[in-house]
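Quick notes on the structure that follows.
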Amino acid sequence: MTHTLLATVATLCYLAAAALIGLRLFRKEGWIPERNLAIFVGFAGLALHSWLLWDSIFSSAGLNLGFYHALALTSWTIIALLLVSSLTKPVDNLGLILLPAAALSLILEANFAEVGFLRPTASWALKIHVLLSMLAYSLLTLASGQAILLAVQDRHLRRRRAGGFIRTLPPLQTMESLLFEMITAGFVLLTLALLSGFAFLENMFAQHLVHKTVLSVLAWLVFGGLLVGRFRKGWRGRTAIIWTLGGFVILILAYFGTKAVLEFILKT
């Protein structure tokens with residue numbers, strides 16, 4: 001199967017899974033798909049996505065982590081975490097946002113792929129750092145999606161308009177608990193990613209890592225501050241949502257913003 005065809009089929013699977021979730025959330029009568037059907041179609045897309053990454057990222061020259069390849073790899077991690085978590089927790093509704101985003105990453109990777117190798121000779125510290133960073137970013141992306149759903153749910157409940165798809169969501173307390181579980185796990189991984197990154201950091205300016213490092217630490221402080229506020233002052237609701245989305249935006253700028261500037265503007 002060619003690279004483009006593989007990306008197309010995987011994209012269609014992700015979009016179909018998102019459509020099935022949308023039908024289950026918004027449709028009031030007629031055929032309403034089962035929850036497991038969307039998860040199954042999502043896993044089919046994930047399998048094709050895995051094949052695509054194996055074909056395009058892994059080679060004898062090392063890992064090709066150019067901007068669009070890195071974006072596709074990150075989206076794969078996010079969807080894998082989402083689908084696996086959906087087997088035991090009510091988080092599959094996040095697929096309505098995240099599955100189309102993953103489909104877009106595949107389209108971009110198939111049409112605008114760049115080359116940026118992490119060579120086989122790279123140190124273990126660097127490889128562990130990359131893995132931890134991917135996992136931390138993916139978990140905190142799930143948390144941001146959860147925060148958006150929580151914001152919509154909270155707004156409807158405040159206006160006493162709990163009809164439609166709001167009724168299909170778990171209770172507000174459960175949604176908040178899931179949000180902080182994701183943030184806690186993501187914060188731990190982000191902490192480990194930063195610590196492992198300092199192991200091979202020599203000169204931030206010479207390595208063009210100053211912006212990435214500063215923004216990553218700032219995101220770490222935001223998520224850490226949110227967890228402290230939750231533990232000591234019982235932060236929840238809009239406060240938790242604003243802090244979560246703020247930390248996520250900083251994290252996007254830290255990784256993909258910095259990577260885009262280096263690869264597309266500075267050409268390094």
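Ordering of the structure tokens sets the chain letters (A, B, ...); residue numbers start at 1 within each chain; ligands are numbered from 1 in the order shown.
Every protein, DNA or RNA residue with an atom at most 9 Å from region 34-42 of chain A, where only C-alpha atoms count and chain neighbours fewer than 4 positions away do not, is listed here: Cys13, Tyr14, Leu15, Ala16, Ala17, Ala18, Ala19, Leu20, Ile21, Arg24, Leu46, Ala47, Ile79, Leu83, Ser86, Leu87, Asp92, Gly95 and Leu99 of chain A.
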Surrounding residues of Gln146 (chain A) excluding itself and chain neighbours under 2 positions, 9 Å, only C-alpha atoms, as a ChimeraX atom specification: /A:91,93-94,141-144,148-151,175-176,178-179,182,241
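If you look at CA of Leu139 (chain A) and CA of Gly186 (chain A), they are 5.1 Å away from each other.
If only C-alpha atoms are the atoms counted, then among A:Leu12, A:Ile57, A:Leu131, A:Glu109 the closest residue to Leu189 (chain A) is A:Leu131.
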Alpha helix (DSSP H) call set, DSSP backbone run, region 1-218 of chain A, as a PyMOL selection string: chain A and resi 3-26+35-56+67-86+95-112+124-158+172-198+210-218
The selected residues should be written to file as a compact mmCIF listing (two decimals), in the first residue's frame (atoms: C-alpha atoms).
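Output saved as result_36.txt:
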```txt
# COMPACT_ATOMS: atom_id res chain seq x y z
CA HIS A 3 2.18 6.06 1.53
CA THR A 4 -0.53 8.42 0.22
CA LEU A 5 -3.17 5.67 0.07
CA LEU A 6 -2.29 4.54 3.57
CA ALA A 7 -2.63 8.09 4.89
CA THR A 8 -5.96 8.51 3.07
CA VAL A 9 -7.52 5.34 4.50
CA ALA A 10 -6.27 6.13 8.03
CA THR A 11 -7.69 9.65 7.68
CA LEU A 12 -11.07 8.30 6.60
CA CYS A 13 -11.12 5.91 9.58
CA TYR A 14 -10.44 8.75 12.01
CA LEU A 15 -13.10 10.96 10.43
CA ALA A 16 -15.61 8.08 10.41
CA ALA A 17 -14.92 7.41 14.11
CA ALA A 18 -15.42 11.11 14.89
CA ALA A 19 -18.68 11.10 12.89
CA LEU A 20 -19.94 8.07 14.85
CA ILE A 21 -19.16 9.85 18.12
CA GLY A 22 -20.97 12.94 16.82
CA LEU A 23 -24.04 10.89 15.89
CA ARG A 24 -24.13 9.32 19.34
CA LEU A 25 -23.81 12.70 21.04
CA PHE A 26 -26.14 14.85 18.95
CA ARG A 35 -20.02 3.49 21.70
CA ASN A 36 -17.79 0.49 20.91
CA LEU A 37 -18.26 0.93 17.16
CA ALA A 38 -16.54 4.32 17.17
CA ILE A 39 -13.72 2.92 19.32
CA PHE A 40 -13.26 -0.02 16.93
CA VAL A 41 -13.10 2.24 13.85
CA GLY A 42 -10.69 4.49 15.73
CA PHE A 43 -8.42 1.52 16.47
CA ALA A 44 -8.52 0.58 12.76
CA GLY A 45 -7.29 4.08 11.92
CA LEU A 46 -4.64 3.82 14.63
CA ALA A 47 -3.33 0.56 13.16
CA LEU A 48 -2.97 2.18 9.74
CA HIS A 49 -1.43 5.24 11.36
CA SER A 50 1.14 2.95 13.02
CA TRP A 51 2.02 1.38 9.66
CA LEU A 52 2.36 4.85 8.14
CA LEU A 53 4.75 6.01 10.87
CA TRP A 54 6.84 2.86 10.61
CA ASP A 55 7.17 3.45 6.88
CA SER A 56 8.03 7.16 7.09
CA PHE A 67 8.00 19.01 11.80
CA TYR A 68 5.16 17.14 10.09
CA HIS A 69 6.52 13.71 11.01
CA ALA A 70 6.77 14.81 14.64
CA LEU A 71 3.20 16.14 14.42
CA ALA A 72 1.96 12.79 13.06
CA LEU A 73 3.86 10.88 15.76
CA THR A 74 2.41 13.10 18.48
CA SER A 75 -1.11 12.69 17.13
CA TRP A 76 -0.59 8.91 17.09
CA THR A 77 0.40 8.99 20.77
CA ILE A 78 -2.61 11.13 21.64
CA ILE A 79 -5.07 8.86 19.82
CA ALA A 80 -3.47 5.71 21.26
CA LEU A 81 -3.82 7.08 24.80
CA LEU A 82 -7.38 8.20 24.07
CA LEU A 83 -8.55 4.87 22.65
CA VAL A 84 -6.86 2.73 25.30
CA SER A 85 -8.27 4.95 28.06
CA SER A 86 -11.71 4.73 26.45
CA GLY A 95 -12.44 11.93 19.96
CA LEU A 96 -14.90 14.43 18.52
CA ILE A 97 -12.09 17.00 18.74
CA LEU A 98 -8.93 14.92 18.64
CA LEU A 99 -9.71 12.44 15.84
CA PRO A 100 -10.22 15.12 13.15
CA ALA A 101 -7.04 16.83 14.40
CA ALA A 102 -5.14 13.54 13.98
CA ALA A 103 -6.62 13.16 10.49
CA LEU A 104 -5.33 16.63 9.61
CA SER A 105 -1.84 15.71 10.85
CA LEU A 106 -1.81 12.71 8.50
CA ILE A 107 -2.83 14.86 5.54
CA LEU A 108 -0.05 17.34 6.31
CA GLU A 109 2.53 14.57 6.83
CA ALA A 110 1.62 12.91 3.52
CA ASN A 111 1.83 16.14 1.51
CA PHE A 112 4.40 18.38 3.19
CA TRP A 124 19.99 7.32 25.55
CA ALA A 125 19.28 10.45 27.58
CA LEU A 126 18.09 12.21 24.43
CA LYS A 127 15.95 9.25 23.30
CA ILE A 128 14.33 8.96 26.74
CA HIS A 129 13.77 12.71 26.76
CA VAL A 130 12.00 12.58 23.39
CA LEU A 131 9.77 9.69 24.53
CA LEU A 132 8.85 11.36 27.82
CA SER A 133 8.17 14.66 26.04
CA MET A 134 5.83 12.97 23.56
CA LEU A 135 3.90 11.21 26.34
CA ALA A 136 3.69 14.35 28.48
CA TYR A 137 2.52 16.49 25.55
CA SER A 138 -0.05 13.86 24.54
CA LEU A 139 -1.53 13.50 28.03
CA LEU A 140 -1.76 17.25 28.49
CA THR A 141 -3.41 17.51 25.05
CA LEU A 142 -6.05 15.06 26.27
CA ALA A 143 -6.43 17.22 29.37
CA SER A 144 -6.96 20.34 27.24
CA GLY A 145 -9.64 18.55 25.22
CA GLN A 146 -11.27 17.45 28.46
CA ALA A 147 -11.13 21.06 29.70
CA ILE A 148 -12.94 22.26 26.56
CA LEU A 149 -15.73 19.68 27.05
CA LEU A 150 -15.89 20.61 30.73
CA ALA A 151 -16.25 24.29 29.82
CA VAL A 152 -19.14 23.53 27.44
CA GLN A 153 -20.81 21.30 30.01
CA ASP A 154 -20.38 23.88 32.79
CA ARG A 155 -21.79 26.66 30.63
CA HIS A 156 -24.89 24.65 29.73
CA LEU A 157 -25.51 23.62 33.33
CA ARG A 158 -25.18 27.22 34.55
CA LEU A 172 -19.56 17.26 36.12
CA GLN A 173 -17.69 15.88 39.15
CA THR A 174 -16.55 12.85 37.15
CA MET A 175 -15.40 15.08 34.27
CA GLU A 176 -13.36 17.21 36.68
CA SER A 177 -11.82 14.15 38.32
CA LEU A 178 -10.78 12.81 34.90
CA LEU A 179 -9.31 16.22 34.03
CA PHE A 180 -7.08 16.30 37.09
CA GLU A 181 -6.05 12.66 36.64
CA MET A 182 -4.79 13.57 33.16
CA ILE A 183 -3.08 16.73 34.37
CA THR A 184 -1.37 14.93 37.26
CA ALA A 185 -0.04 12.15 35.01
CA GLY A 186 1.01 14.67 32.35
CA PHE A 187 2.74 16.87 34.95
CA VAL A 188 4.75 13.93 36.28
CA LEU A 189 5.86 13.01 32.75
CA LEU A 190 6.65 16.65 31.93
CA THR A 191 8.79 16.84 35.07
CA LEU A 192 10.71 13.73 34.03
CA ALA A 193 11.05 15.08 30.48
CA LEU A 194 12.57 18.31 31.73
CA LEU A 195 14.96 16.51 34.07
CA SER A 196 16.09 14.13 31.31
CA GLY A 197 16.49 17.10 28.95
CA PHE A 198 18.89 18.83 31.30
CA VAL A 210 16.52 28.60 24.96
CA HIS A 211 12.93 29.38 23.89
CA LYS A 212 11.86 25.74 24.10
CA THR A 213 13.41 25.32 27.53
CA VAL A 214 12.00 28.56 28.99
CA LEU A 215 8.49 27.92 27.63
CA SER A 216 8.54 24.28 28.80
CA VAL A 217 9.52 25.36 32.30
CA LEU A 218 6.80 28.04 32.22
```
